[in-house]
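Some notes on the structure that comes next.
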Amino acid sequence: MNTSSEQLPKTKILESLLAKDTGVYFEDALESGMVLNIGPQHPATHGVLRLLVQLDGETVIGCVPELGYLHRGFEKIAENSTYHEFIPHTDRLDYLAPLSNNTAFTFAVEKLAGIECTKRAQYIRMLISEMARIASHLVALGTMAMDVGALTVLLWGFREREKLQDIMDVLTGARFTTSYTRVGGVASDWTSVCTQMLEKFLDEFDHNLEEMEKLLNTNKIFLQRTENLGVISAEKAIDMGLTGPNLRASGVEYDLRRAVPYLDYNSIDFNIITYKEGDSLARYFVRCDEMRESAKILRQCLDKLPQGSIHTDDPKKVLPQKVDVYTKMEELIHDFMLINFGINPPVGEIYSSVENPKGELGFYLVSDGSGHPWRCKIRSPSMVNLQSLPLFIQGHMISDIVAVIGSMDPVMGEADK
Amino acid sequence: MTELIEKKLKENFSDSILDVIYFRGEQTFIVDKSKIVGILTFLRDDSELSFNFLIDLCGADRAKRKDRFEVVYQLFSLKNKVQLRIKCRVDEKYLNIDSVSDVFGTANWHERETYDMYGIIFNNHPDLRRMYMPEDYEYYPLRKDFPLLGIPGSIPLPKNK
């Protein structure tokens with residue numbers, strides 16, 4: 001065994017790196033083996049991911065990813081706040097797509113409480129979820145390109161994302177921490193201004209996306225640095241619990257919008273994108289094609305957007321509109337009761353999940369009949385996806401690590417919860 | 001499908017199924033913790049059921065004197081598009097349960113997280129370490145008796161030089 005790693009203080013994480021089958025020990029005449037710390041504060045680790053890597057020269061022979069540098073105790077907070085109070089916290093999970101996180105949580109609470117939101121609210125939720133998917137994939141695309149050395153795509157990606165954020169600004173009043181959905185509906189109505197802005201965005205988007213893709217698809221360096229890199233088979237991907245584009249790039253046609261249809265996805269026409277290769281390049285292709293499908297869904301949602309109320313008429317569980325609270329006594333009382341004591345779902349437990357840009361975001365909620373959840377477990381896709389990182393990068397070069405992390409698109413906000 | 005799952009599980013593990021719960025269209029089996037590896041392997045390998053996807057694994061504190069903790073397994077059958085929940089009760093006195101990381105690779109980190117948050121020991125786990133908290137942290141934050149604001153001084157700050 002090389003001396004350089006033996007001299008390090010024996011922390012548990014180091015022991016787990018050195019003690020397992022990852023250690024290919026050999027007589028090291030050149031002393032080329034070493035243990036390298038990457039992160040947590042490193043631009044290529046997408047936030048605060050720490051990797052402890054065992055190297056032979058530049059080849060990775062072992063890797064232990066370490067989380068915990070961001071842990072904010074969201075589950076503990078959820079168990080000590082009412083269902084409504086927790087909605088703003090969901091913005092902070094996957095902060096690149098807060099709108100789909102809002103949708104996921106309220107959807108879970110509705111299942112627990114037995115509420116069904118109105119058709120119009122369902123369509124607005126589909127609109128915001130798909131907008132969030134495009135916005136998130138644009139960042140994934142840009143940062144992956146940046147990780148392998150192409151900066152322009154990141155700038156162009158953010159240019160497109162800004163247009164979506166403008167729509168979010170008009171719709172929710174915030175660009176980043178939207179907190180837009182409510183149990184039983186959404187906070188404010190979709191307006192004709194939003195429709196105009198979105199139509200304008202969609203008209204330009206196909207061309208702009210194609211332009212971005214051309215930069216990468218014709219770039220020899222990008223292709224050679226991502227092709228056949230970090231390959232994972234379909235069986236292994238299922239075993240490791242991968243979801244979202246990372247799973248579909250391995251050829252598994254698993255998308256919750258079709259597997260367990262929710263909202264009104266059943267009446268929308270779109271394809272599930274799969275690639276067979278399971279490498280970094282396939283994961284990039286899946287995201288690009290998915291953005292096109294999302295644009296297709298957005299167009300259909302705009303066409304089909306029904307008229308009607310944006311929240312269910314269930315005053316004991318659904319917050320009234322502010323204008324009613326200020327003018328009507330009944331609504332004021334209901335608002336007071338809901339804010340102070342919360343909705344009280346019956347005793348029971350549910351698991352509800354939606355297809356988020358990163359993968360399957362699920363909430364396991366246990367109710368004891370009171371206003372706050374007894375147990376709230378967040379099944380965050382990034383955390384589960386990151387577990388496979390050592391499988392992806394073993395045997396590759398050290399510079400490939402960043403290309404693999406970029407292709408996995410982790411967000412540490414939900415990996416660390 | 002729910003009848004088939006119940007029938008098959010009761011046929012093969014008649015003594016180990018302690019309870020079956022239905023709520024909002026979801027099926028939950030409470031099973032004996034000593035048989036968990038066998039039950040999950042059966043559910044995964046049975047060609048009709050084919051619960052080959054472990055979506056989630058977590059702990060829960062029931063705050064009861066007997067069988068205080070729960071370990072919850074959330075399964076999905078990619079073939080049948082059906083969800084299933086399996087739960088095991090774990091007593092505080094014998095705070096351990098067999099690891100299922102050999103059955104589902106994804107269970108590795110989920111079990112580490114459950115250990116970190118509740119202190120439940122997973123027998124035969126390949127790398128049972130803290131997930132989020134520091135290595136030498138003494139408490140388990142998601143237990144109901146752990147205060148929301150934390151325990152003052154439990155994570156010592158670096159000394160000023």
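Starting from 1 in every chain, residues are counted up; chains themselves are A, B, ... following the order of the structure tokens, and ligands are numbered from 1 as listed.
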Give me, as a short mmCIF file (atom, residue, chain, number, x, y, z; two decimals) with all heavy atoms, in the first residue's frame, the contact residues of chain A against chain B at a cut-off of 6 Å, counting only C-alpha atoms.
```cif
data_model
loop_
_atom_site.label_atom_id
_atom_site.label_comp_id
_atom_site.auth_asym_id
_atom_site.auth_seq_id
_atom_site.Cartn_x
_atom_site.Cartn_y
_atom_site.Cartn_z
N LEU A 67 -21.82 13.45 1.77
CA LEU A 67 -22.79 14.55 1.88
C LEU A 67 -22.76 15.11 3.30
O LEU A 67 -21.98 14.66 4.12
CB LEU A 67 -24.20 14.04 1.59
CG LEU A 67 -24.43 13.25 0.30
CD1 LEU A 67 -25.87 12.80 0.24
CD2 LEU A 67 -24.10 14.10 -0.91
N GLY A 68 -23.60 16.05 3.54
CA GLY A 68 -23.77 16.51 4.92
C GLY A 68 -23.28 17.91 5.19
O GLY A 68 -23.44 18.42 6.28
N ASP A 239 -31.28 -1.22 -10.04
CA ASP A 239 -30.82 -1.69 -8.74
C ASP A 239 -30.37 -0.53 -7.86
O ASP A 239 -30.61 -0.51 -6.65
CB ASP A 239 -29.67 -2.68 -8.94
CG ASP A 239 -29.18 -3.26 -7.63
OD1 ASP A 239 -30.04 -3.71 -6.86
OD2 ASP A 239 -27.97 -3.25 -7.38
N MET A 240 -29.73 0.46 -8.48
CA MET A 240 -29.22 1.60 -7.72
C MET A 240 -30.28 2.68 -7.52
O MET A 240 -30.00 3.74 -6.96
CB MET A 240 -28.00 2.21 -8.40
CG MET A 240 -26.77 1.32 -8.43
SD MET A 240 -26.30 0.68 -6.81
CE MET A 240 -25.68 2.13 -6.01
N GLY A 241 -31.47 2.45 -8.02
CA GLY A 241 -32.57 3.40 -7.79
C GLY A 241 -32.47 4.69 -8.57
O GLY A 241 -33.05 5.70 -8.17
#
```
Who sits within 12 Å of Asp98 of chain B, only C-alpha atoms, same chain under 2 positions skipped, as a VMD selection string
chain B and resid 32 to 40 71 88 90 94 to 96 100 to 103 107 to 108 111 120 to 126
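The space between atom CA of Thr11 of chain A and atom CA of Gly230 of chain A spans 28.2 Å.
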Residue contacts of segment 282-295 of chain A (8 Å, only C-alpha atoms) excluding same-chain residues fewer than 5 positions away, as a list in words:
Glu130, Met131, Arg133, Ile134, His137, Leu141, Leu202, Asp206, Leu209, Glu213, Glu227, Pro245, Asn246, Arg248, Ala249, Ser250, Phe270, Asn271, Ile272, Ile273, Thr274, Tyr275, Lys276, Glu277, Ser407 and Met408 of chain A
For Gln41 of chain A: contacts at 12 Å, only C-alpha atoms, fewer than 6 positions along chain excluded, given as a list in words
Gly47, Val48, Leu49, Arg50, Leu51, Tyr69 and Leu70 of chain A
Writing out the chosen residues with N, CA and C atoms as a CSV table (one decimal), in the first residue's frame:
```csv
chain,number,residue,atom,x,y,z
A,47,GLY,N,-21.9,22.6,-5.9
A,47,GLY,CA,-22.4,23.0,-4.5
A,47,GLY,C,-21.4,22.5,-3.5
A,48,VAL,N,-21.9,21.6,-2.6
A,48,VAL,CA,-21.0,21.2,-1.5
A,48,VAL,C,-21.0,19.6,-1.5
A,49,LEU,N,-20.6,19.1,-2.6
A,49,LEU,CA,-20.3,17.6,-2.6
A,49,LEU,C,-18.8,17.4,-2.4
A,50,ARG,N,-18.6,16.5,-1.5
A,50,ARG,CA,-17.1,16.1,-1.3
A,50,ARG,C,-16.9,14.7,-1.8
A,51,LEU,N,-15.8,14.6,-2.6
A,51,LEU,CA,-15.4,13.3,-3.1
A,51,LEU,C,-14.0,12.9,-2.5
A,69,TYR,N,-22.7,18.5,4.2
A,69,TYR,CA,-22.2,19.9,4.4
A,69,TYR,C,-23.2,21.0,4.4
A,70,LEU,N,-24.4,20.6,3.9
A,70,LEU,CA,-25.5,21.5,3.7
A,70,LEU,C,-26.7,21.2,4.6
```
